[in-house]
There are 2 protein chains.
Amino acid sequence: MPIEERHFEDYHEGAVYEYGDVSVTDDEIIAFARDFDPQPFHVDLAYARTGPFGGLVASGFHTNALFMRLFADHFLSHVASLGSPGFGGLRWTVPVRAGDQRRLRTTILASRPSASKPDRGLVRTRGEMLVGDDIVMSLIITNFLRCRPMDNP
Amino acid sequence: MPIEERHFEDYHEGAVYEYGDVSVTDDEIIAFARDFDPQPFHVDLAYARTGPFGGLVASGFHTNALFMRLFADHFLSHVASLGSPGFGGLRWTVPVRAGDQRRLRTTILASRPSASKPDRGLVRTRGEMLVGDDIVMSLIITNFLRCRPMDNP
């Protein structure tokens with residue numbers, strides 16, 4: 001189902017998709033970190049070489065934001081998204097560096113109509129960012145999606 | 001203990017601190033969302049007025065990044081931070097709008113030496129973003145902190 005027509009009913013438990021790639025440069029890593037996470041191993045190339053990661057690595061919050069970019073572009077309906085109450089189980093398992101080609105894998109864990117609001121459903125999804133075969137980040141996010149209008153007169 | 005001298009030993013279970021403020025403009029909300037979360041209620045003022053939040057709201061990932069800015073500026077040691085394996089229990093409870101003055105509250109839930117690496121400890125912290133008396137975002141994050149050098153000859 002094209003993302004411009006996708007509604008709650010199109011999110012099926014067990015479905016697995018893969019999207020991408022996206023990558024970032026050292027300059028983008030540094031610019032994001034200067035705004036939001038100015039730790040030396042995210043903003044200072046020379047320090048970073050001697051630091052705990054042996055080189056410049058992206059802020060985990062930058063990795064999370066790039067996850068959202070792929071999730072919003074490719075997975076989340078462009079017409080029926082009603083936001084999210086949050087996510088859990090966020091793991092940063094491999095530091096992400098400039099030039100890494102990151103992909104997104106989504107696995108729908110659960111999909112159920114809202115108990116209180118008949119116009120929408122809840123979809124729970126495992127999102128994983130991949131670089132090669134390594135999972136570099138994972139989380140489990142809940143999203144509210146509007147039902148298809150004809151089911152909802 | 002000044003943030004430039006803070007080490008693992010300075011993070012005490014039960015300690016509660018509050019820092020801030022930080023706020024964003026509509027332009028900053030839109031710029032972040034164009035890069036990372038281009039859903040219409042984050043990038044399109046006119047649409048947002050009729051959308052699920054009745055106005056433009058910041059991407060939750062923007063709120064998370066601003067959390068990290070306050071956390072890195074005020075809470076996390078500037079000399080002993082060794083990164084984080086992740087966080088859990090992220091809740092977005094109130095949408096955040098331009099001009100909201102956000103504060104950060106941190107509560108140290110646990111602090112223990114690493115079982116495998118004697119040069120560091122783990123600190124688990126509840127982080128809450130506040131606007132007025134409302135908690136607008138919360139999470140529980142784990143950080144690795146280096147021990148003070150003299151304890152570690």
# chains A, B, ... in the order shown; residues from 1 in each chain; ligands from 1
>>> select_by_dssp(residues="chain B", states="strand (DSSP E)", output="VMD selection string")
chain B and resid 16 to 22 86 to 92 102 to 113 120 to 131 134 to 146
>>> write_last_selection(atoms="N, CA and C atoms", output="short mmCIF file (atom, residue, chain, number, x, y, z; two decimals), in the first residue's frame")
data_model
loop_
_atom_site.label_atom_id
_atom_site.label_comp_id
_atom_site.auth_asym_id
_atom_site.auth_seq_id
_atom_site.Cartn_x
_atom_site.Cartn_y
_atom_site.Cartn_z
N VAL B 16 18.62 14.52 43.47
CA VAL B 16 17.69 15.13 42.51
C VAL B 16 18.20 16.53 42.20
N TYR B 17 18.30 16.85 40.90
CA TYR B 17 18.75 18.18 40.48
C TYR B 17 17.78 18.73 39.44
N GLU B 18 17.75 20.06 39.32
CA GLU B 18 16.93 20.67 38.28
C GLU B 18 17.75 21.74 37.56
N TYR B 19 17.65 21.76 36.24
CA TYR B 19 18.44 22.65 35.38
C TYR B 19 17.56 23.27 34.31
N GLY B 20 18.03 24.37 33.75
CA GLY B 20 17.32 24.94 32.60
C GLY B 20 17.36 26.43 32.67
N ASP B 21 16.63 27.11 31.79
CA ASP B 21 15.64 26.62 30.82
C ASP B 21 16.25 26.50 29.44
N VAL B 22 15.46 25.93 28.54
CA VAL B 22 15.74 26.01 27.12
C VAL B 22 14.39 26.12 26.42
N GLY B 86 22.23 3.04 26.21
CA GLY B 86 20.85 3.25 25.76
C GLY B 86 19.97 3.78 26.86
N PHE B 87 18.68 3.83 26.56
CA PHE B 87 17.71 4.27 27.57
C PHE B 87 16.39 3.54 27.37
N GLY B 88 15.52 3.67 28.34
CA GLY B 88 14.22 3.00 28.24
C GLY B 88 13.12 3.91 28.74
N GLY B 89 11.90 3.41 28.57
CA GLY B 89 10.73 4.08 29.15
C GLY B 89 10.53 5.50 28.68
N LEU B 90 10.86 5.79 27.43
CA LEU B 90 10.68 7.14 26.90
C LEU B 90 9.19 7.41 26.73
N ARG B 91 8.71 8.46 27.40
CA ARG B 91 7.30 8.86 27.27
C ARG B 91 7.24 10.31 26.85
N TRP B 92 6.45 10.56 25.78
CA TRP B 92 6.11 11.94 25.41
C TRP B 92 4.69 12.17 25.91
N ARG B 102 11.47 24.95 28.86
CA ARG B 102 11.63 23.57 29.34
C ARG B 102 12.77 23.51 30.33
N ARG B 103 12.55 22.79 31.42
CA ARG B 103 13.61 22.52 32.38
C ARG B 103 13.89 21.01 32.38
N LEU B 104 15.02 20.67 32.97
CA LEU B 104 15.39 19.26 33.12
C LEU B 104 15.46 18.92 34.60
N ARG B 105 14.81 17.82 34.98
CA ARG B 105 15.00 17.29 36.33
C ARG B 105 15.65 15.91 36.20
N THR B 106 16.70 15.70 36.98
CA THR B 106 17.36 14.39 36.99
C THR B 106 17.25 13.79 38.39
N THR B 107 16.97 12.50 38.43
CA THR B 107 16.93 11.75 39.69
C THR B 107 17.81 10.53 39.51
N ILE B 108 18.85 10.42 40.32
CA ILE B 108 19.75 9.27 40.19
C ILE B 108 19.11 8.05 40.85
N LEU B 109 18.81 7.04 40.03
CA LEU B 109 18.10 5.85 40.52
C LEU B 109 19.07 4.80 41.03
N ALA B 110 20.26 4.73 40.45
CA ALA B 110 21.23 3.70 40.84
C ALA B 110 22.61 4.14 40.39
N SER B 111 23.59 3.72 41.14
CA SER B 111 24.98 4.08 40.87
C SER B 111 25.82 2.92 41.38
N ARG B 112 26.51 2.23 40.48
CA ARG B 112 27.29 1.07 40.95
C ARG B 112 28.55 0.91 40.11
N PRO B 113 29.63 0.43 40.72
CA PRO B 113 30.86 0.17 39.97
C PRO B 113 30.61 -0.88 38.89
N ARG B 120 35.58 2.29 35.88
CA ARG B 120 34.33 3.02 35.60
C ARG B 120 33.16 2.51 36.42
N GLY B 121 32.08 3.29 36.41
CA GLY B 121 30.84 2.87 37.04
C GLY B 121 29.67 3.15 36.12
N LEU B 122 28.51 2.60 36.50
CA LEU B 122 27.27 2.82 35.76
C LEU B 122 26.34 3.67 36.61
N VAL B 123 25.74 4.66 36.00
CA VAL B 123 24.78 5.51 36.67
C VAL B 123 23.47 5.45 35.89
N ARG B 124 22.38 5.13 36.62
CA ARG B 124 21.07 5.07 35.98
C ARG B 124 20.25 6.24 36.50
N THR B 125 19.71 7.02 35.59
CA THR B 125 19.09 8.31 35.94
C THR B 125 17.72 8.43 35.30
N ARG B 126 16.73 8.88 36.07
CA ARG B 126 15.47 9.29 35.45
C ARG B 126 15.62 10.74 35.03
N GLY B 127 15.40 11.01 33.76
CA GLY B 127 15.42 12.37 33.25
C GLY B 127 14.00 12.79 32.90
N GLU B 128 13.62 13.97 33.35
CA GLU B 128 12.27 14.49 33.05
C GLU B 128 12.40 15.90 32.50
N MET B 129 11.73 16.17 31.39
CA MET B 129 11.64 17.54 30.88
C MET B 129 10.33 18.12 31.40
N LEU B 130 10.44 19.33 31.95
CA LEU B 130 9.29 19.98 32.57
C LEU B 130 8.97 21.27 31.83
N VAL B 131 7.67 21.52 31.64
CA VAL B 131 7.21 22.84 31.20
C VAL B 131 6.21 23.28 32.27
N ASP B 134 4.20 20.61 34.36
CA ASP B 134 3.91 19.40 33.57
C ASP B 134 5.20 18.69 33.18
N ILE B 135 5.21 17.37 33.37
CA ILE B 135 6.27 16.55 32.79
C ILE B 135 5.89 16.31 31.34
N VAL B 136 6.70 16.80 30.42
CA VAL B 136 6.37 16.67 28.99
C VAL B 136 7.10 15.49 28.35
N MET B 137 8.16 15.03 28.97
CA MET B 137 8.94 13.90 28.45
C MET B 137 9.67 13.26 29.61
N SER B 138 9.79 11.95 29.61
CA SER B 138 10.63 11.31 30.62
C SER B 138 11.28 10.07 30.02
N LEU B 139 12.38 9.68 30.62
CA LEU B 139 13.10 8.48 30.20
C LEU B 139 13.98 8.03 31.36
N ILE B 140 14.54 6.84 31.23
CA ILE B 140 15.51 6.34 32.20
C ILE B 140 16.75 5.93 31.42
N ILE B 141 17.85 6.64 31.66
CA ILE B 141 19.06 6.46 30.85
C ILE B 141 20.20 5.92 31.70
N THR B 142 21.04 5.10 31.09
CA THR B 142 22.23 4.56 31.74
C THR B 142 23.46 5.23 31.14
N ASN B 143 24.40 5.63 31.99
CA ASN B 143 25.66 6.23 31.52
C ASN B 143 26.84 5.56 32.17
N PHE B 144 27.92 5.45 31.40
CA PHE B 144 29.20 5.00 31.95
C PHE B 144 30.01 6.22 32.32
N LEU B 145 30.55 6.23 33.53
CA LEU B 145 31.39 7.34 34.02
C LEU B 145 32.71 6.77 34.53
N ARG B 146 33.78 7.45 34.20
CA ARG B 146 35.11 7.06 34.67
C ARG B 146 35.25 7.39 36.16
#
>>> interface_residues(of="chain B", to="chain A", cutoff="8 Å", atoms="only C-alpha atoms", output="VMD selection string")
chain B and resid 35 to 39 52 61 to 62 64 to 66 68 to 69 72 to 73 78 82 84 to 93
>>> calpha_fit_and_write(fixed="chain B", moving="chain A", output="PDB file with C-alpha atoms, in the first residue's frame")
ATOM      1  CA  MET A   1      31.252  19.126  42.470  1.00  0.00           C
ATOM      2  CA  PRO A   2      31.925  21.254  39.351  1.00  0.00           C
ATOM      3  CA  ILE A   3      31.028  19.486  36.133  1.00  0.00           C
ATOM      4  CA  GLU A   4      34.668  19.704  34.937  1.00  0.00           C
ATOM      5  CA  GLU A   5      35.811  17.630  37.939  1.00  0.00           C
ATOM      6  CA  ARG A   6      32.847  15.312  38.342  1.00  0.00           C
ATOM      7  CA  HIS A   7      33.564  11.553  38.260  1.00  0.00           C
ATOM      8  CA  PHE A   8      31.592   8.378  38.903  1.00  0.00           C
ATOM      9  CA  GLU A   9      32.008   8.783  42.679  1.00  0.00           C
ATOM     10  CA  ASP A  10      30.104  12.085  42.596  1.00  0.00           C
ATOM     11  CA  TYR A  11      26.838  10.522  41.352  1.00  0.00           C
ATOM     12  CA  HIS A  12      24.876   9.534  44.461  1.00  0.00           C
ATOM     13  CA  GLU A  13      21.756   7.415  44.414  1.00  0.00           C
ATOM     14  CA  GLY A  14      18.678   9.462  45.274  1.00  0.00           C
ATOM     15  CA  ALA A  15      20.150  12.848  44.343  1.00  0.00           C
ATOM     16  CA  VAL A  16      17.687  15.119  42.510  1.00  0.00           C
ATOM     17  CA  TYR A  17      18.742  18.183  40.478  1.00  0.00           C
ATOM     18  CA  GLU A  18      16.943  20.673  38.274  1.00  0.00           C
ATOM     19  CA  TYR A  19      18.434  22.653  35.391  1.00  0.00           C
ATOM     20  CA  GLY A  20      17.330  24.938  32.597  1.00  0.00           C
ATOM     21  CA  ASP A  21      15.649  26.634  30.824  1.00  0.00           C
ATOM     22  CA  VAL A  22      15.728  26.024  27.118  1.00  0.00           C
ATOM     23  CA  SER A  23      13.094  26.910  24.546  1.00  0.00           C
ATOM     24  CA  VAL A  24      12.684  26.748  20.782  1.00  0.00           C
ATOM     25  CA  THR A  25      10.998  28.820  18.098  1.00  0.00           C
ATOM     26  CA  ASP A  26       8.594  27.675  15.378  1.00  0.00           C
ATOM     27  CA  ASP A  27      11.457  28.105  12.885  1.00  0.00           C
ATOM     28  CA  GLU A  28      13.698  25.779  14.901  1.00  0.00           C
ATOM     29  CA  ILE A  29      10.879  23.220  15.262  1.00  0.00           C
ATOM     30  CA  ILE A  30      10.357  23.288  11.488  1.00  0.00           C
ATOM     31  CA  ALA A  31      14.089  23.157  10.646  1.00  0.00           C
ATOM     32  CA  PHE A  32      14.699  20.122  12.865  1.00  0.00           C
ATOM     33  CA  ALA A  33      11.620  18.350  11.538  1.00  0.00           C
ATOM     34  CA  ARG A  34      12.536  19.011   7.900  1.00  0.00           C
ATOM     35  CA  ASP A  35      15.812  17.193   8.533  1.00  0.00           C
ATOM     36  CA  PHE A  36      14.540  14.360  10.682  1.00  0.00           C
ATOM     37  CA  ASP A  37      10.755  14.075  11.110  1.00  0.00           C
ATOM     38  CA  PRO A  38       8.874  15.803   8.278  1.00  0.00           C
ATOM     39  CA  GLN A  39       5.350  14.939   9.431  1.00  0.00           C
ATOM     40  CA  PRO A  40       2.912  17.756   8.600  1.00  0.00           C
ATOM     41  CA  PHE A  41       2.144  18.661  12.231  1.00  0.00           C
ATOM     42  CA  HIS A  42       5.909  19.320  12.688  1.00  0.00           C
ATOM     43  CA  VAL A  43       6.654  21.260   9.474  1.00  0.00           C
ATOM     44  CA  ASP A  44       3.466  22.957   8.222  1.00  0.00           C
ATOM     45  CA  LEU A  45       1.971  25.705  10.421  1.00  0.00           C
ATOM     46  CA  ALA A  46      -1.307  25.929   8.494  1.00  0.00           C
ATOM     47  CA  TYR A  47      -1.886  22.159   8.460  1.00  0.00           C
ATOM     48  CA  ALA A  48      -0.818  21.880  12.076  1.00  0.00           C
ATOM     49  CA  ARG A  49      -3.663  24.182  13.223  1.00  0.00           C
ATOM     50  CA  THR A  50      -6.186  21.661  11.900  1.00  0.00           C
ATOM     51  CA  GLY A  51      -4.118  18.582  12.808  1.00  0.00           C
ATOM     52  CA  PRO A  52      -4.222  16.233  15.781  1.00  0.00           C
ATOM     53  CA  PHE A  53      -2.364  18.657  18.102  1.00  0.00           C
ATOM     54  CA  GLY A  54      -4.227  21.879  17.165  1.00  0.00           C
ATOM     55  CA  GLY A  55      -0.978  23.670  16.343  1.00  0.00           C
ATOM     56  CA  LEU A  56       2.672  23.180  15.503  1.00  0.00           C
ATOM     57  CA  VAL A  57       4.467  20.859  17.930  1.00  0.00           C
ATOM     58  CA  ALA A  58       8.102  19.824  18.114  1.00  0.00           C
ATOM     59  CA  SER A  59       9.125  16.373  16.936  1.00  0.00           C
ATOM     60  CA  GLY A  60       9.551  14.109  19.932  1.00  0.00           C
ATOM     61  CA  PHE A  61      13.060  13.466  18.653  1.00  0.00           C
ATOM     62  CA  HIS A  62      13.712  17.227  18.889  1.00  0.00           C
ATOM     63  CA  THR A  63      12.468  17.175  22.483  1.00  0.00           C
ATOM     64  CA  ASN A  64      14.796  14.223  23.133  1.00  0.00           C
ATOM     65  CA  ALA A  65      17.742  16.115  21.604  1.00  0.00           C
ATOM     66  CA  LEU A  66      17.007  19.156  23.794  1.00  0.00           C
ATOM     67  CA  PHE A  67      16.873  16.844  26.800  1.00  0.00           C
ATOM     68  CA  MET A  68      20.379  15.700  25.846  1.00  0.00           C
ATOM     69  CA  ARG A  69      21.577  19.285  25.522  1.00  0.00           C
ATOM     70  CA  LEU A  70      20.590  20.102  29.099  1.00  0.00           C
ATOM     71  CA  PHE A  71      21.819  16.710  30.335  1.00  0.00           C
ATOM     72  CA  ALA A  72      25.229  17.179  28.672  1.00  0.00           C
ATOM     73  CA  ASP A  73      25.601  20.815  29.732  1.00  0.00           C
ATOM     74  CA  HIS A  74      24.612  20.426  33.370  1.00  0.00           C
ATOM     75  CA  PHE A  75      24.530  16.829  34.614  1.00  0.00           C
ATOM     76  CA  LEU A  76      26.950  14.616  32.710  1.00  0.00           C
ATOM     77  CA  SER A  77      30.607  15.058  33.652  1.00  0.00           C
ATOM     78  CA  HIS A  78      32.607  16.984  31.060  1.00  0.00           C
ATOM     79  CA  VAL A  79      35.725  14.894  31.801  1.00  0.00           C
ATOM     80  CA  ALA A  80      34.538  11.390  32.754  1.00  0.00           C
ATOM     81  CA  SER A  81      31.660  10.504  30.408  1.00  0.00           C
ATOM     82  CA  LEU A  82      32.261   7.249  28.525  1.00  0.00           C
ATOM     83  CA  GLY A  83      28.994   7.115  26.615  1.00  0.00           C
ATOM     84  CA  SER A  84      25.739   5.275  27.121  1.00  0.00           C
ATOM     85  CA  PRO A  85      24.383   1.861  26.119  1.00  0.00           C
ATOM     86  CA  GLY A  86      20.856   3.247  25.752  1.00  0.00           C
ATOM     87  CA  PHE A  87      17.722   4.268  27.578  1.00  0.00           C
ATOM     88  CA  GLY A  88      14.231   3.012  28.232  1.00  0.00           C
ATOM     89  CA  GLY A  89      10.743   4.094  29.136  1.00  0.00           C
ATOM     90  CA  LEU A  90      10.681   7.144  26.895  1.00  0.00           C
ATOM     91  CA  ARG A  91       7.300   8.870  27.261  1.00  0.00           C
ATOM     92  CA  TRP A  92       6.107  11.936  25.403  1.00  0.00           C
ATOM     93  CA  THR A  93       3.252  13.051  27.623  1.00  0.00           C
ATOM     94  CA  VAL A  94       2.572  16.633  26.480  1.00  0.00           C
ATOM     95  CA  PRO A  95       3.345  18.001  22.991  1.00  0.00           C
ATOM     96  CA  VAL A  96       5.971  20.756  23.151  1.00  0.00           C
ATOM     97  CA  ARG A  97       5.356  24.091  21.397  1.00  0.00           C
ATOM     98  CA  ALA A  98       7.450  27.123  20.501  1.00  0.00           C
ATOM     99  CA  GLY A  99       8.217  29.358  23.464  1.00  0.00           C
ATOM    100  CA  ASP A 100       7.636  26.686  26.108  1.00  0.00           C
ATOM    101  CA  GLN A 101      10.360  27.092  28.742  1.00  0.00           C
ATOM    102  CA  ARG A 102      11.622  23.577  29.337  1.00  0.00           C
ATOM    103  CA  ARG A 103      13.599  22.526  32.379  1.00  0.00           C
ATOM    104  CA  LEU A 104      15.381  19.262  33.116  1.00  0.00           C
ATOM    105  CA  ARG A 105      15.005  17.294  36.330  1.00  0.00           C
ATOM    106  CA  THR A 106      17.359  14.395  36.995  1.00  0.00           C
ATOM    107  CA  THR A 107      16.937  11.764  39.693  1.00  0.00           C
ATOM    108  CA  ILE A 108      19.759   9.270  40.178  1.00  0.00           C
ATOM    109  CA  LEU A 109      18.103   5.857  40.526  1.00  0.00           C
ATOM    110  CA  ALA A 110      21.224   3.701  40.833  1.00  0.00           C
ATOM    111  CA  SER A 111      24.977   4.087  40.874  1.00  0.00           C
ATOM    112  CA  ARG A 112      27.282   1.066  40.937  1.00  0.00           C
ATOM    113  CA  PRO A 113      30.863   0.173  39.976  1.00  0.00           C
ATOM    114  CA  SER A 114      31.259  -1.791  36.760  1.00  0.00           C
ATOM    115  CA  ALA A 115      31.547  -5.537  37.394  1.00  0.00           C
ATOM    116  CA  SER A 116      33.939  -6.021  34.462  1.00  0.00           C
ATOM    117  CA  LYS A 117      35.914  -2.742  34.210  1.00  0.00           C
ATOM    118  CA  PRO A 118      37.384  -1.327  37.430  1.00  0.00           C
ATOM    119  CA  ASP A 119      38.023   2.124  35.931  1.00  0.00           C
ATOM    120  CA  ARG A 120      34.334   3.013  35.606  1.00  0.00           C
ATOM    121  CA  GLY A 121      30.841   2.858  37.037  1.00  0.00           C
ATOM    122  CA  LEU A 122      27.274   2.816  35.750  1.00  0.00           C
ATOM    123  CA  VAL A 123      24.780   5.518  36.676  1.00  0.00           C
ATOM    124  CA  ARG A 124      21.076   5.067  35.972  1.00  0.00           C
ATOM    125  CA  THR A 125      19.098   8.313  35.940  1.00  0.00           C
ATOM    126  CA  ARG A 126      15.474   9.303  35.463  1.00  0.00           C
ATOM    127  CA  GLY A 127      15.415  12.372  33.255  1.00  0.00           C
ATOM    128  CA  GLU A 128      12.268  14.495  33.040  1.00  0.00           C
ATOM    129  CA  MET A 129      11.634  17.552  30.874  1.00  0.00           C
ATOM    130  CA  LEU A 130       9.282  19.981  32.576  1.00  0.00           C
ATOM    131  CA  VAL A 131       7.204  22.841  31.198  1.00  0.00           C
ATOM    132  CA  GLY A 132       5.759  24.648  34.215  1.00  0.00           C
ATOM    133  CA  ASP A 133       4.606  21.800  36.459  1.00  0.00           C
ATOM    134  CA  ASP A 134       3.895  19.407  33.576  1.00  0.00           C
ATOM    135  CA  ILE A 135       6.255  16.541  32.794  1.00  0.00           C
ATOM    136  CA  VAL A 136       6.358  16.666  28.995  1.00  0.00           C
ATOM    137  CA  MET A 137       8.949  13.909  28.454  1.00  0.00           C
ATOM    138  CA  SER A 138      10.625  11.310  30.624  1.00  0.00           C
ATOM    139  CA  LEU A 139      13.109   8.487  30.199  1.00  0.00           C
ATOM    140  CA  ILE A 140      15.520   6.342  32.204  1.00  0.00           C
ATOM    141  CA  ILE A 141      19.066   6.463  30.854  1.00  0.00           C
ATOM    142  CA  THR A 142      22.239   4.568  31.753  1.00  0.00           C
ATOM    143  CA  ASN A 143      25.653   6.240  31.510  1.00  0.00           C
ATOM    144  CA  PHE A 144      29.203   4.990  31.938  1.00  0.00           C
ATOM    145  CA  LEU A 145      31.389   7.335  34.006  1.00  0.00           C
ATOM    146  CA  ARG A 146      35.115   7.067  34.652  1.00  0.00           C
ATOM    147  CA  CYS A 147      36.244   6.784  38.293  1.00  0.00           C
ATOM    148  CA  ARG A 148      38.380   9.521  39.808  1.00  0.00           C
ATOM    149  CA  PRO A 149      42.013   8.872  38.803  1.00  0.00           C
ATOM    150  CA  MET A 150      43.414   8.708  42.331  1.00  0.00           C
ATOM    151  CA  ASP A 151      41.092   5.787  43.121  1.00  0.00           C
ATOM    152  CA  ASN A 152      42.451   4.039  40.124  1.00  0.00           C
ATOM    153  CA  PRO A 153      46.264   4.003  40.258  1.00  0.00           C
TER     154      PRO A 153
END
>>> select_by_dssp(residues="chain A", states="helix (DSSP H, G or I)", output="count of residues only")
43
>>> decode(residues="range 94-116 of chain A", atoms="N, CA and C atoms", output="mmCIF file, in the first residue's frame")
data_model
loop_
_atom_site.group_PDB
_atom_site.id
_atom_site.type_symbol
_atom_site.label_atom_id
_atom_site.label_comp_id
_atom_site.auth_asym_id
_atom_site.auth_seq_id
_atom_site.Cartn_x
_atom_site.Cartn_y
_atom_site.Cartn_z
ATOM 1 N N VAL A 94 26.432 -0.257 18.568
ATOM 2 C CA VAL A 94 27.677 0.006 17.846
ATOM 3 C C VAL A 94 27.729 1.509 17.562
ATOM 4 N N PRO A 95 28.841 2.188 17.915
ATOM 5 C CA PRO A 95 28.921 3.617 17.609
ATOM 6 C C PRO A 95 28.866 3.827 16.090
ATOM 7 N N VAL A 96 28.224 4.894 15.666
ATOM 8 C CA VAL A 96 28.032 5.153 14.238
ATOM 9 C C VAL A 96 28.990 6.254 13.793
ATOM 10 N N ARG A 97 29.668 6.019 12.674
ATOM 11 C CA ARG A 97 30.712 6.920 12.174
ATOM 12 C C ARG A 97 30.326 7.476 10.807
ATOM 13 N N ALA A 98 30.999 8.557 10.427
ATOM 14 C CA ALA A 98 30.756 9.168 9.119
ATOM 15 C C ALA A 98 30.923 8.131 8.020
ATOM 16 N N GLY A 99 30.040 8.192 7.029
ATOM 17 C CA GLY A 99 30.143 7.314 5.871
ATOM 18 C C GLY A 99 29.458 5.983 6.030
ATOM 19 N N ASP A 100 29.174 5.560 7.277
ATOM 20 C CA ASP A 100 28.428 4.318 7.469
ATOM 21 C C ASP A 100 27.093 4.409 6.734
ATOM 22 N N GLN A 101 26.783 3.419 5.929
ATOM 23 C CA GLN A 101 25.487 3.376 5.236
ATOM 24 C C GLN A 101 24.491 2.689 6.162
ATOM 25 N N ARG A 102 23.556 3.461 6.675
ATOM 26 C CA ARG A 102 22.604 2.889 7.636
ATOM 27 C C ARG A 102 21.306 2.553 6.936
ATOM 28 N N ARG A 103 20.769 1.386 7.265
ATOM 29 C CA ARG A 103 19.441 1.010 6.788
ATOM 30 C C ARG A 103 18.507 0.894 7.993
ATOM 31 N N LEU A 104 17.217 0.862 7.688
ATOM 32 C CA LEU A 104 16.206 0.684 8.737
ATOM 33 C C LEU A 104 15.473 -0.625 8.486
ATOM 34 N N ARG A 105 15.340 -1.436 9.530
ATOM 35 C CA ARG A 105 14.456 -2.597 9.452
ATOM 36 C C ARG A 105 13.331 -2.411 10.452
ATOM 37 N N THR A 106 12.112 -2.632 10.004
ATOM 38 C CA THR A 106 10.954 -2.532 10.908
ATOM 39 C C THR A 106 10.273 -3.889 10.979
ATOM 40 N N THR A 107 9.871 -4.266 12.173
ATOM 41 C CA THR A 107 9.111 -5.495 12.395
ATOM 42 C C THR A 107 7.878 -5.120 13.215
ATOM 43 N N ILE A 108 6.709 -5.347 12.674
ATOM 44 C CA ILE A 108 5.484 -4.989 13.399
ATOM 45 C C ILE A 108 5.205 -6.063 14.447
ATOM 46 N N LEU A 109 5.253 -5.670 15.714
ATOM 47 C CA LEU A 109 5.099 -6.616 16.821
ATOM 48 C C LEU A 109 3.640 -6.771 17.216
ATOM 49 N N ALA A 110 2.856 -5.711 17.072
ATOM 50 C CA ALA A 110 1.451 -5.761 17.490
ATOM 51 C C ALA A 110 0.698 -4.650 16.775
ATOM 52 N N SER A 111 -0.572 -4.916 16.535
ATOM 53 C CA SER A 111 -1.421 -3.971 15.821
ATOM 54 C C SER A 111 -2.833 -4.198 16.348
ATOM 55 N N ARG A 112 -3.389 -3.199 17.043
ATOM 56 C CA ARG A 112 -4.729 -3.426 17.612
ATOM 57 C C ARG A 112 -5.524 -2.128 17.604
ATOM 58 N N PRO A 113 -6.862 -2.248 17.417
ATOM 59 C CA PRO A 113 -7.710 -1.053 17.465
ATOM 60 C C PRO A 113 -7.634 -0.404 18.842
ATOM 61 N N SER A 114 -7.777 0.906 18.883
ATOM 62 C CA SER A 114 -7.822 1.611 20.158
ATOM 63 C C SER A 114 -9.053 1.174 20.944
ATOM 64 N N ALA A 115 -8.897 0.979 22.251
ATOM 65 C CA ALA A 115 -10.038 0.596 23.087
ATOM 66 C C ALA A 115 -10.943 1.799 23.338
ATOM 67 N N SER A 116 -10.385 3.007 23.314
ATOM 68 C CA SER A 116 -11.170 4.187 23.693
ATOM 69 C C SER A 116 -11.592 5.038 22.493
#
